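Okay, entry10.txt is below, compact mmCIF, C-alpha atoms:
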# COMPACT_ATOMS: atom_id res chain seq x y z
CA MET A 931 -87.28 -161.74 21.24
CA SER A 932 -83.56 -161.74 20.72
CA GLN A 933 -81.66 -162.47 17.58
CA THR A 934 -78.53 -164.48 17.03
CA THR A 935 -75.56 -163.42 14.92
CA THR A 936 -73.52 -166.24 13.45
CA LEU A 937 -70.01 -166.27 12.04
CA SER A 938 -69.00 -166.70 8.45
CA ARG A 939 -67.01 -169.76 7.43
CA ALA A 940 -63.80 -167.69 7.27
CA GLY A 941 -64.52 -166.30 10.73
CA VAL A 942 -64.89 -169.80 12.13
CA VAL A 943 -61.83 -171.24 10.37
CA SER A 944 -59.52 -168.36 11.38
CA ARG A 945 -60.69 -168.47 15.00
CA LEU A 946 -60.34 -172.23 15.35
CA SER A 947 -56.92 -172.33 13.68
CA LEU A 948 -55.47 -169.49 15.80
CA ALA A 949 -56.91 -171.10 18.94
CA SER A 950 -55.30 -174.45 18.01
CA ILE A 951 -51.91 -172.79 17.47
CA ALA A 952 -52.13 -171.01 20.83
CA LEU A 953 -53.11 -174.26 22.54
CA LEU A 954 -50.19 -176.13 20.97
CA LEU A 955 -47.76 -173.38 22.04
CA VAL A 956 -48.94 -173.43 25.64
CA LEU A 957 -48.84 -177.24 25.74
CA TYR A 958 -45.32 -177.18 24.31
CA GLY A 959 -44.32 -174.58 26.90
CA THR A 960 -45.77 -176.62 29.74
CA PHE A 961 -43.95 -179.82 28.86
CA PHE A 962 -40.72 -178.56 27.25
CA GLY A 963 -40.50 -174.79 27.68
CA SER A 964 -39.01 -172.52 30.32
CA ASP A 965 -39.88 -169.20 31.96
CA SER A 966 -38.30 -167.44 28.96
CA ASP A 967 -41.20 -168.67 26.83
CA PHE A 968 -43.72 -166.39 28.59
CA PRO A 969 -46.65 -166.12 27.89
CA PHE A 970 -46.45 -169.73 26.70
CA GLY A 971 -44.07 -170.97 29.39
CA PRO A 972 -44.89 -173.56 32.05
CA PHE A 973 -47.19 -172.47 34.91
CA ARG A 974 -44.44 -172.91 37.44
CA MET A 975 -45.53 -170.95 40.52
CA TYR A 976 -44.83 -173.12 43.58
CA ALA A 977 -44.16 -176.09 41.30
CA SER A 978 -40.81 -176.97 42.85
CA ARG A 979 -40.71 -179.23 45.89
CA ASN A 980 -39.00 -178.50 49.19
CA ALA A 981 -37.76 -181.56 51.07
CA PRO A 982 -39.53 -181.92 54.45
CA ASP A 983 -36.11 -182.41 56.10
CA GLY A 984 -34.38 -179.75 54.04
CA THR A 985 -34.13 -176.00 54.27
CA VAL A 986 -36.11 -172.93 53.23
CA ASN A 987 -34.19 -169.87 52.03
CA SER A 988 -35.27 -166.26 52.27
CA LEU A 989 -33.19 -163.49 50.73
CA ARG A 990 -32.89 -159.89 51.85
CA LEU A 991 -30.63 -156.93 51.21
CA GLU A 992 -28.80 -155.08 53.97
CA ALA A 993 -26.73 -151.95 53.56
CA VAL A 994 -24.49 -149.61 55.47
CA THR A 995 -25.06 -145.91 54.85
CA THR A 996 -22.52 -143.08 54.83
CA GLN A 997 -23.68 -142.37 58.37
CA GLY A 998 -22.59 -145.83 59.48
CA GLU A 999 -26.15 -147.05 59.95
CA LEU A 1000 -27.15 -150.63 59.05
CA ILE A 1001 -30.44 -150.58 57.13
CA GLY A 1002 -32.65 -153.04 55.29
CA VAL A 1003 -33.09 -152.34 51.58
CA SER A 1004 -36.36 -153.53 50.04
CA ALA A 1005 -36.26 -154.99 46.55
CA GLY A 1006 -38.74 -152.30 45.49
CA ALA A 1007 -36.24 -149.60 46.42
CA VAL A 1008 -34.00 -150.81 43.58
CA GLY A 1009 -36.84 -151.35 41.07
CA LEU A 1010 -37.04 -155.12 41.62
CA ARG A 1011 -39.09 -157.78 43.37
CA ARG A 1012 -37.59 -160.13 45.94
CA ALA A 1013 -37.96 -163.15 43.68
CA GLU A 1014 -36.10 -161.26 40.95
CA LEU A 1015 -33.19 -160.66 43.31
CA GLU A 1016 -33.23 -164.36 44.19
CA GLY A 1017 -33.17 -165.27 40.51
CA SER A 1018 -30.21 -162.92 40.03
CA LEU A 1019 -28.19 -164.15 43.01
CA PRO A 1020 -25.72 -166.19 40.90
CA HIS A 1021 -25.02 -163.11 38.74
CA MET A 1022 -24.52 -160.93 41.81
CA LYS A 1023 -21.96 -163.40 43.19
CA ASP A 1024 -20.04 -163.50 39.92
CA GLU A 1025 -20.18 -159.84 38.96
CA PRO A 1026 -19.49 -157.28 41.70
CA ALA A 1027 -20.25 -154.63 39.04
CA LEU A 1028 -23.91 -155.68 39.23
CA MET A 1029 -23.97 -154.98 42.96
CA ALA A 1030 -22.48 -151.56 42.26
CA GLU A 1031 -25.25 -150.95 39.76
CA ILE A 1032 -27.90 -151.90 42.34
CA VAL A 1033 -26.35 -149.39 44.76
CA GLU A 1034 -26.37 -146.72 42.04
CA ARG A 1035 -30.04 -147.50 41.46
CA TYR A 1036 -30.78 -147.22 45.16
CA ASP A 1037 -29.07 -143.85 45.41
CA ALA A 1038 -30.85 -142.57 42.28
CA ASN A 1039 -34.28 -143.89 43.37
CA ASN A 1040 -33.97 -142.60 46.94
CA PRO A 1041 -32.51 -139.11 46.62
CA GLY A 1042 -33.62 -138.04 50.11
CA LYS A 1043 -31.85 -140.90 51.90
CA PRO A 1044 -28.17 -141.17 52.87
CA PRO A 1045 -26.14 -142.97 50.15
CA LEU A 1046 -24.84 -146.51 50.66
CA VAL A 1047 -21.23 -147.48 51.24
CA GLU A 1048 -21.82 -151.21 51.58
CA LEU A 1049 -24.44 -153.64 50.26
CA ARG A 1050 -24.89 -157.21 51.47
CA VAL A 1051 -27.03 -159.99 50.10
CA VAL A 1052 -28.13 -162.03 53.10
CA VAL A 1053 -29.88 -165.37 52.83
CA ARG A 1054 -31.64 -166.66 55.92
CA VAL A 1055 -31.66 -170.47 55.90
CA TYR A 1056 -34.40 -172.06 57.99
CA GLU A 1057 -33.95 -175.73 58.87
CA LEU A 1058 -36.88 -178.10 58.62
CA ALA A 1059 -37.42 -181.53 60.17
CA GLY A 1060 -40.41 -183.62 59.21
CA GLY A 1061 -41.89 -180.63 57.39
CA LYS A 1062 -41.74 -178.58 60.58
CA GLU A 1063 -39.61 -175.57 61.47
CA THR A 1064 -36.90 -176.62 63.92
CA GLY A 1065 -36.49 -173.04 65.10
CA HIS A 1066 -32.89 -173.14 63.87
CA TRP A 1067 -31.83 -170.72 61.21
CA ARG A 1068 -28.62 -169.11 60.11
CA ASP A 1069 -27.89 -166.01 58.09
CA ARG A 1070 -25.50 -166.52 55.21
CA ILE A 1071 -23.92 -163.49 53.58
CA GLU A 1072 -23.85 -164.46 49.90
CA ALA A 1073 -22.34 -161.34 48.38
CA VAL A 1074 -20.87 -158.07 49.63
CA TRP A 1075 -20.01 -154.89 47.80
CA THR A 1076 -18.11 -152.09 49.49
CA LYS A 1077 -17.57 -148.63 48.08
CA PRO A 1078 -14.02 -148.52 46.72
CA MET B 1275 -68.69 -160.64 7.75
CA THR B 1276 -71.56 -161.57 10.00
CA GLN B 1277 -75.12 -162.19 8.96
CA ILE B 1278 -78.34 -162.84 10.77
CA VAL B 1279 -79.55 -166.36 10.13
CA THR B 1280 -80.44 -169.36 12.21
CA THR B 1281 -77.53 -171.10 13.91
CA PRO B 1282 -75.79 -173.35 11.42
CA PRO B 1283 -75.19 -176.95 12.50
CA ARG B 1284 -71.80 -177.33 14.13
CA ARG B 1285 -70.30 -180.44 15.60
CA GLY B 1286 -68.07 -181.39 18.52
CA VAL B 1287 -65.64 -178.89 19.95
CA ALA B 1288 -66.58 -176.24 17.38
CA ARG B 1289 -70.18 -176.42 18.51
CA TRP B 1290 -69.18 -175.87 22.12
CA LEU B 1291 -66.64 -173.11 21.39
CA LEU B 1292 -68.99 -171.27 19.05
CA GLU B 1293 -72.08 -171.56 21.19
CA PRO B 1294 -73.90 -168.22 20.84
CA LEU B 1295 -73.74 -166.18 24.06
CA PRO B 1296 -75.26 -162.81 24.98
CA VAL B 1297 -73.41 -159.83 23.50
CA HIS B 1298 -74.20 -157.92 26.69
CA ARG B 1299 -71.55 -160.01 28.46
CA ILE B 1300 -68.92 -158.65 26.07
CA ALA B 1301 -70.04 -155.07 26.70
CA VAL B 1302 -69.74 -155.58 30.48
CA MET B 1303 -66.40 -157.39 30.28
CA ARG B 1304 -64.95 -154.63 28.07
CA VAL B 1305 -65.55 -152.06 30.78
CA ILE B 1306 -64.19 -154.34 33.53
CA ALA B 1307 -61.17 -155.66 31.62
CA TYR B 1308 -60.05 -152.31 30.20
CA LEU B 1309 -60.56 -150.35 33.42
CA PHE B 1310 -58.61 -153.06 35.24
CA VAL B 1311 -55.61 -152.09 33.10
CA LEU B 1312 -55.49 -148.86 35.14
CA VAL B 1313 -55.63 -150.78 38.44
CA ASP B 1314 -52.89 -153.07 37.18
CA VAL B 1315 -50.58 -150.34 35.91
CA PHE B 1316 -50.91 -148.02 38.91
CA LEU B 1317 -51.50 -150.49 41.73
CA THR B 1318 -51.04 -154.22 41.37
CA THR B 1319 -48.12 -154.28 38.95
CA SER B 1320 -46.75 -150.79 39.49
CA TRP B 1321 -43.38 -152.56 39.85
CA VAL B 1322 -43.31 -152.92 36.07
CA ALA B 1323 -43.01 -149.15 35.77
CA GLN B 1324 -40.10 -149.36 38.21
CA LYS B 1325 -38.22 -151.35 35.59
CA ALA B 1326 -37.49 -147.92 34.11
CA TYR B 1327 -35.28 -147.58 37.20
CA ALA B 1328 -34.02 -151.17 37.53
CA PRO B 1329 -30.40 -152.27 37.06
CA GLU B 1330 -29.99 -152.70 33.31
CA SER B 1331 -27.64 -155.65 33.53
CA LEU B 1332 -30.32 -157.76 35.22
CA TYR B 1333 -32.43 -157.65 32.06
CA ARG B 1334 -32.81 -161.18 30.64
CA PRO B 1335 -35.01 -160.82 27.56
CA LEU B 1336 -37.78 -163.38 27.01
CA HIS B 1337 -37.77 -165.32 23.75
CA ILE B 1338 -40.71 -163.29 22.47
CA ALA B 1339 -38.73 -160.07 23.09
CA GLU B 1340 -35.83 -161.40 21.02
CA LEU B 1341 -38.12 -162.73 18.32
CA LEU B 1342 -39.89 -159.38 17.93
CA HIS B 1343 -36.67 -157.35 18.43
CA LEU B 1344 -38.23 -155.44 21.30
CA PRO B 1345 -36.03 -152.66 22.67
CA HIS B 1346 -34.19 -152.80 25.98
CA PRO B 1347 -36.58 -151.43 28.63
CA THR B 1348 -35.12 -147.97 28.99
CA PHE B 1349 -36.87 -145.20 30.89
CA GLY B 1350 -38.27 -143.79 27.64
CA TYR B 1351 -39.60 -147.12 26.37
CA VAL B 1352 -41.23 -148.20 29.64
CA THR B 1353 -42.82 -144.79 30.18
CA THR B 1354 -44.13 -144.62 26.60
CA VAL B 1355 -45.68 -148.09 26.76
CA LYS B 1356 -47.21 -147.28 30.16
CA TRP B 1357 -48.98 -144.08 29.11
CA LEU B 1358 -50.05 -145.38 25.68
CA LEU B 1359 -51.54 -148.40 27.44
CA VAL B 1360 -53.36 -146.26 29.99
CA ALA B 1361 -54.74 -143.85 27.37
CA LEU B 1362 -55.92 -146.60 25.02
CA ALA B 1363 -57.45 -148.62 27.86
CA VAL B 1364 -59.60 -145.62 28.81
CA VAL B 1365 -60.73 -145.19 25.20
CA ALA B 1366 -61.34 -148.92 24.75
CA ALA B 1367 -63.46 -149.02 27.93
CA THR B 1368 -65.91 -146.64 26.24
CA GLY B 1369 -66.47 -149.21 23.50
CA TRP B 1370 -65.37 -146.84 20.72
CA ARG B 1371 -63.98 -148.75 17.69
CA PRO B 1372 -63.68 -151.94 19.78
CA ARG B 1373 -61.65 -153.94 17.26
CA LEU B 1374 -59.01 -151.24 16.83
CA THR B 1375 -58.70 -149.92 20.38
CA GLY B 1376 -59.09 -153.37 21.93
CA SER B 1377 -56.34 -154.88 19.77
CA ALA B 1378 -54.04 -151.98 20.64
CA VAL B 1379 -54.65 -152.52 24.37
CA ALA B 1380 -53.95 -156.26 24.01
CA VAL B 1381 -50.64 -155.68 22.22
CA LEU B 1382 -49.54 -152.90 24.59
CA TYR B 1383 -50.42 -154.97 27.66
CA LEU B 1384 -48.36 -157.84 26.25
CA LEU B 1385 -45.39 -155.46 25.76
CA TRP B 1386 -45.91 -154.23 29.33
CA MET B 1387 -45.85 -157.80 30.62
CA VAL B 1388 -42.75 -158.68 28.58
CA VAL B 1389 -40.95 -155.84 30.38
CA GLY B 1390 -42.20 -157.04 33.77
CA MET B 1391 -41.24 -160.68 33.26
CA SER B 1392 -37.73 -160.05 31.90
CA TYR B 1393 -35.88 -159.70 35.20
CA GLY B 1394 -35.68 -163.29 36.35
CA LYS B 1395 -39.20 -163.84 37.71
CA VAL B 1396 -42.28 -164.81 35.70
CA ASP B 1397 -45.84 -164.76 37.05
CA HIS B 1398 -48.55 -167.04 35.79
CA ASP B 1399 -51.65 -165.11 36.74
CA ARG B 1400 -51.57 -163.24 33.42
CA PHE B 1401 -52.38 -165.97 30.94
CA ALA B 1402 -56.19 -165.98 31.01
CA TYR B 1403 -56.32 -162.18 31.24
CA LEU B 1404 -54.06 -161.87 28.18
CA VAL B 1405 -56.30 -164.33 26.34
CA LEU B 1406 -59.33 -162.23 27.32
CA LEU B 1407 -57.66 -159.02 26.10
CA PHE B 1408 -56.77 -160.60 22.75
CA LEU B 1409 -60.26 -162.07 22.29
CA LEU B 1410 -62.46 -159.13 23.33
CA PRO B 1411 -61.82 -157.25 20.05
CA THR B 1412 -62.89 -160.29 18.01
CA ALA B 1413 -66.43 -160.02 19.36
CA GLY B 1414 -67.02 -156.74 17.50
CA ALA B 1415 -69.54 -154.10 18.51
CA ALA B 1416 -71.45 -154.69 21.75
CA ARG B 1417 -73.80 -152.39 23.66
CA TRP B 1418 -74.88 -152.57 27.31
CA GLY B 1419 -78.32 -154.09 27.56
CA GLU B 1420 -78.17 -155.52 24.06
CA ARG B 1421 -80.36 -158.63 23.72
CA ARG B 1422 -78.55 -160.03 20.72
CA TRP B 1423 -76.62 -163.29 21.10
CA SER B 1424 -73.64 -164.06 18.90
CA GLU B 1425 -71.21 -166.80 18.05
CA ALA B 1426 -68.35 -164.28 18.08
CA ALA B 1427 -69.19 -163.35 21.68
CA GLY B 1428 -69.53 -167.02 22.52
CA PHE B 1429 -66.11 -167.85 21.10
CA ALA B 1430 -64.37 -165.01 22.98
CA LEU B 1431 -66.00 -165.97 26.29
CA GLN B 1432 -65.66 -169.75 25.96
CA MET B 1433 -61.98 -169.51 24.99
CA THR B 1434 -61.32 -167.32 28.04
CA PHE B 1435 -63.13 -169.97 30.10
CA VAL B 1436 -60.76 -172.58 28.63
CA ALA B 1437 -57.75 -170.36 29.41
CA VAL B 1438 -58.89 -170.01 33.04
CA MET B 1439 -59.18 -173.80 33.26
CA LEU B 1440 -55.78 -174.36 31.63
CA THR B 1441 -54.13 -172.05 34.18
CA TYR B 1442 -55.10 -174.54 36.89
CA PHE B 1443 -54.71 -177.74 34.91
CA LEU B 1444 -51.30 -176.92 33.47
CA ALA B 1445 -50.12 -175.76 36.92
CA ALA B 1446 -50.70 -179.35 38.07
CA VAL B 1447 -48.65 -180.60 35.10
CA ALA B 1448 -45.85 -178.16 35.99
CA LYS B 1449 -45.82 -179.40 39.60
CA VAL B 1450 -45.23 -182.94 38.39
CA ARG B 1451 -42.61 -181.75 35.90
CA TYR B 1452 -40.58 -179.64 38.37
CA GLY B 1453 -41.52 -181.06 41.76
CA GLY B 1454 -41.98 -184.69 40.76
CA TRP B 1455 -44.84 -187.04 41.58
CA ASP B 1456 -44.04 -186.62 45.27
CA TRP B 1457 -44.69 -182.85 45.11
CA PRO B 1458 -47.71 -183.15 47.47
CA THR B 1459 -45.65 -184.76 50.26
CA GLY B 1460 -43.02 -182.01 50.15
CA ALA B 1461 -42.74 -178.81 52.17
CA THR B 1462 -43.64 -176.31 49.45
CA LEU B 1463 -46.44 -174.68 51.44
CA THR B 1464 -44.13 -174.58 54.46
CA ARG B 1465 -41.70 -172.58 52.32
CA ALA B 1466 -44.50 -170.27 51.18
CA PHE B 1467 -45.76 -169.72 54.74
CA ILE B 1468 -42.30 -169.20 56.26
CA ARG B 1469 -41.42 -166.67 53.57
CA ARG B 1470 -44.68 -164.79 53.34
CA GLY B 1471 -47.30 -166.31 55.61
CA THR B 1472 -49.73 -163.97 57.35
CA PRO B 1473 -50.63 -164.22 61.07
CA LEU B 1474 -53.77 -166.05 59.88
CA VAL B 1475 -51.80 -169.12 58.80
CA GLU B 1476 -48.54 -169.02 60.76
CA TRP B 1477 -49.92 -171.45 63.35
CA VAL B 1478 -50.36 -174.11 60.64
CA LEU B 1479 -46.55 -174.41 60.39
CA GLY B 1480 -46.71 -176.49 63.55
CA TYR B 1481 -48.93 -179.07 61.83
CA PRO B 1482 -47.11 -180.24 58.67
CA TRP B 1483 -49.70 -182.95 58.01
CA MET B 1484 -52.28 -180.24 57.39
CA LEU B 1485 -50.02 -178.61 54.81
CA VAL B 1486 -49.42 -181.96 53.11
CA GLY B 1487 -53.20 -182.45 53.05
CA ALA B 1488 -53.63 -179.01 51.50
CA GLN B 1489 -51.00 -179.85 48.87
CA PHE B 1490 -52.81 -183.06 47.95
CA ALA B 1491 -56.06 -181.12 47.70
CA MET B 1492 -54.42 -178.48 45.50
CA ILE B 1493 -52.92 -180.84 42.96
CA VAL B 1494 -56.01 -183.07 42.81
CA LEU B 1495 -58.34 -180.09 42.32
CA GLU B 1496 -56.04 -178.63 39.67
CA ALA B 1497 -55.93 -181.96 37.86
CA LEU B 1498 -59.73 -182.14 37.92
CA SER B 1499 -60.15 -178.54 36.76
CA PRO B 1500 -61.30 -179.47 33.20
CA LEU B 1501 -64.59 -180.46 34.87
CA ILE B 1502 -65.38 -176.77 35.40
CA LEU B 1503 -66.09 -176.56 31.68
CA LEU B 1504 -69.22 -178.60 32.36
CA CYS B 1505 -70.77 -175.58 34.12
CA ARG B 1506 -73.19 -174.42 31.46
CA SER B 1507 -76.32 -173.10 33.14
CA PRO B 1508 -76.26 -169.52 34.47
CA ARG B 1509 -76.68 -170.86 37.99
CA ALA B 1510 -73.74 -173.26 37.68
CA ARG B 1511 -71.59 -170.48 36.27
CA ILE B 1512 -72.41 -168.12 39.14
CA LEU B 1513 -71.59 -170.82 41.72
CA LEU B 1514 -68.34 -171.65 39.94
CA VAL B 1515 -67.22 -168.01 39.84
CA CYS B 1516 -68.02 -167.58 43.55
CA GLY B 1517 -66.06 -170.74 44.36
CA LEU B 1518 -63.00 -169.73 42.34
CA LEU B 1519 -62.96 -166.18 43.71
CA LEU B 1520 -63.29 -167.53 47.25
CA PHE B 1521 -60.26 -169.76 46.65
CA HIS B 1522 -58.18 -166.78 45.48
CA VAL B 1523 -59.29 -164.67 48.45
CA MET B 1524 -58.18 -167.50 50.76
CA VAL B 1525 -54.79 -167.65 49.04
CA PHE B 1526 -54.47 -163.90 49.50
CA ALA B 1527 -55.36 -164.15 53.18
CA SER B 1528 -52.67 -166.78 53.72
CA VAL B 1529 -49.70 -165.59 51.63
CA THR B 1530 -50.75 -162.12 50.35
CA ILE B 1531 -50.52 -163.27 46.74
CA ILE B 1532 -53.56 -162.30 44.70
CA PHE B 1533 -54.02 -163.48 41.13
CA LEU B 1534 -55.93 -160.33 40.28
CA PRO B 1535 -55.71 -160.37 36.47
CA HIS B 1536 -56.74 -164.03 36.56
CA CYS B 1537 -59.74 -163.09 38.74
CA ILE B 1538 -60.80 -160.54 36.11
CA ALA B 1539 -60.71 -163.31 33.49
CA ILE B 1540 -62.83 -165.46 35.83
CA LEU B 1541 -65.52 -162.75 35.83
CA SER B 1542 -66.05 -163.39 32.10
CA ILE B 1543 -67.63 -166.74 33.02
CA LEU B 1544 -70.57 -164.95 34.69
CA PRO B 1545 -73.97 -164.70 32.95
CA TRP B 1546 -73.96 -160.90 33.20
CA GLU B 1547 -77.34 -160.55 31.47
CA ARG B 1548 -78.91 -162.06 34.60
CA PHE B 1549 -77.99 -158.95 36.57
CA SER B 1550 -79.47 -156.47 34.08
CA ARG B 1551 -83.20 -156.13 33.59
CA ARG B 1552 -82.69 -154.60 30.17
CA ALA B 1553 -80.38 -157.34 28.92
CA ARG B 1554 -82.31 -160.25 30.39
CA ASP B 1555 -83.88 -162.39 27.76
CA GLU B 1556 -87.30 -163.44 29.00
CA GLN B 1557 -88.59 -165.05 25.85
CA PRO B 1558 -87.33 -168.22 24.25
CA ARG B 1559 -84.87 -167.43 21.53
CA GLU B 1560 -86.52 -168.40 18.31
CA ALA B 1561 -83.47 -167.81 16.18
CA VAL B 1562 -81.46 -170.62 17.76
CA ALA B 1563 -83.09 -173.48 15.97
CA GLN B 1564 -81.78 -176.91 16.79
CA PRO B 1565 -79.96 -178.37 13.82
CA ALA B 1566 -81.89 -181.17 12.16

Starting from the coordinates I provided, produce the structure as structure tokens.
Amino acid sequence: MSQTTTLSRAGVVSRLSLASIALLLVLYGTFFGSDSDFPFGPFRMYASRNAPDGTVNSLRLEAVTTQGELIGVSAGAVGLRRAELEGSLPHMKDEPALMAEIVERYDANNPGKPPLVELRVVVRVYELAGGKETGHWRDRIEAVWTKP
Amino acid sequence: MTQIVTTPPRRGVARWLLEPLPVHRIAVMRVIAYLFVLVDVFLTTSWVAQKAYAPESLYRPLHIAELLHLPHPTFGYVTTVKWLLVALAVVAATGWRPRLTGSAVAVLYLLWMVVGMSYGKVDHDRFAYLVLLFLLPTAGAARWGERRWSEAAGFALQMTFVAVMLTYFLAAVAKVRYGGWDWPTGATLTRAFIRRGTPLVEWVLGYPWMLVGAQFAMIVLEALSPLILLCRSPRARILLVCGLLLFHVMVFASVTIIFLPHCIAILSILPWERFSRRARDEQPREAVAQPA
């Protein structure tokens, strides 16, 4: 036969009050907060809406090495995730110094590979019609950094 | 302080949240949750450790980082948090001093997450797992095969259950907030499949009505998610866990996104004592007297 352990009054009161505070914080975050309120921010993954006749963007990094070769640079190679690069795109456009820092990171993180002389942020824009891919896309170079 | 007496009468939400549950479940979840920290650090979120090598000017501190005056994630800070977290998770998985080691793991994992989420992208598969990590220590000592039931165990497990539910329910609220009421008729899944669809789902892009149907199903199911809290019997809980895990496996198969920490939190819903002969409670539990 098993036994049951119950909680003291203080144990119950402290648990229920902390749980209520946490619940209020996460409700506040959901309705009024932003990503910066993590872990109480809104649960925003895939919450934004793409228009069925609009476009879908996909960002990638391309680079030219000292050997003149055009290569793709994964976000992971500079210590980031693709979505983080997308979130930082406005900063990269405004501050070329940030692009230089990404190149420095790449060179430091990939010591065996030839260094970069040029880095491009390329956004591929796919066109949709009626929620369907039209097969048309264009590559837009959003930011370029070249070794001075 | 805890004492052994018959269950005191509790009413309403408190009665549901403090329903005594088998302590064995806590013992099992401690091993799973703390060993998962190693999987997370070395495999599924190894990109957090890369923040030691990320461009410093991309760092956008979260509010909690500013509030707590957390340091800029330098190489030294990230590496220290990582190895402290790993070491304490291993100790905590053994069940030694569960309140102390468990609390340390919870705080260190939160610090680890704050680093990971401070570069312009926040993931939402961490919430229920964080809640689980913060609640496991509150359940106190727990041995494998223990037949005792406790309100402390019940509270930790039921609150994690609520956190799992909220992750779905509040995701529906966020879709209405950011995508608008017409979110389901949009092309959000088209975006997801174009950007990261696997060969398994690429063909669906030719049939937008199917994606719209899937979006309606998603938001309706998320909005109805509070109903999962009605799963009380062991059988209902097992079916629910299988259903939820199946959903996440399907998401992984289509867009290679797996909510792994969230799946670990889902496992806490299972009646683990059912799978252990030693922990199974064959006799009626005399101690849980119905309140008069």

Within 12 Å of (-60.2, -175.8, 15.2), in the coordinates the file gives, what residues turn up when you count all atoms listed in the file, written out as a ChimeraX atom specification? /A:939-954 /B:1284-1292,1429,1433

Within 6 Å of chain B, which residues of chain A show up when using only C-alpha atoms, listed as number ranges by chain? A: 931-938, 966-967, 973-974, 977-982, 986, 1009, 1014, 1017, 1031-1032, 1061-1062

Using all atoms listed in the file, pick whichever of A:Tyr976, A:Ala993, A:Asn987, A:Phe961 has the shortest atom-to-atom distance to Glu1057 in chain A. A:Asn987

Output as lines of an AutoDock Vina configuration file the centre and edge lengths (Å, one decimal) of the box along x, y and z of the file that holds every listed atom of range 1054-1072 of chain A after adding 3 Å on each side.
center_x = -32.9
center_y = -173.6
center_z = 57.5
size_x = 24.0
size_y = 26.1
size_z = 21.2

From the list A:Arg1011, A:Glu1025, A:Val1003, A:Arg1054, which residue is nearest Asn1040 in chain A when using all atoms listed in the file?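 Of all the options, A:Val1003 lies closest to Asn1040 in chain A.
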
Near-range 1359-1372 of chain B list (12 Å; all atoms listed in the file; drop same-chain fewer than 6 positions) as a PyMOL selection string: chain B and resi 1300-1316+1323+1352-1353+1378-1387+1407-1418

Given only C-alpha atoms as the basis, pick out the residue of A:Val994, A:Leu955, A:Ala1013, A:Met975 nearest to Lys1043 in chain A.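 Among the listed residues, the smallest separation from Lys1043 in chain A belongs to A:Val994.
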
Across A:Thr1076, A:Ser964, A:Asn1039, A:Ser1018, the smallest distance to Leu989 in chain A, with only C-alpha atoms counted, is shown by A:Ser1018

Let me make sure I understand: among A:Asp965, A:Asp1037, A:Glu1072, A:Asp983, which one has the smallest atom-to-atom distance to Leu1019 in chain A if we use only C-alpha atoms?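 Closest candidate: A:Glu1072.
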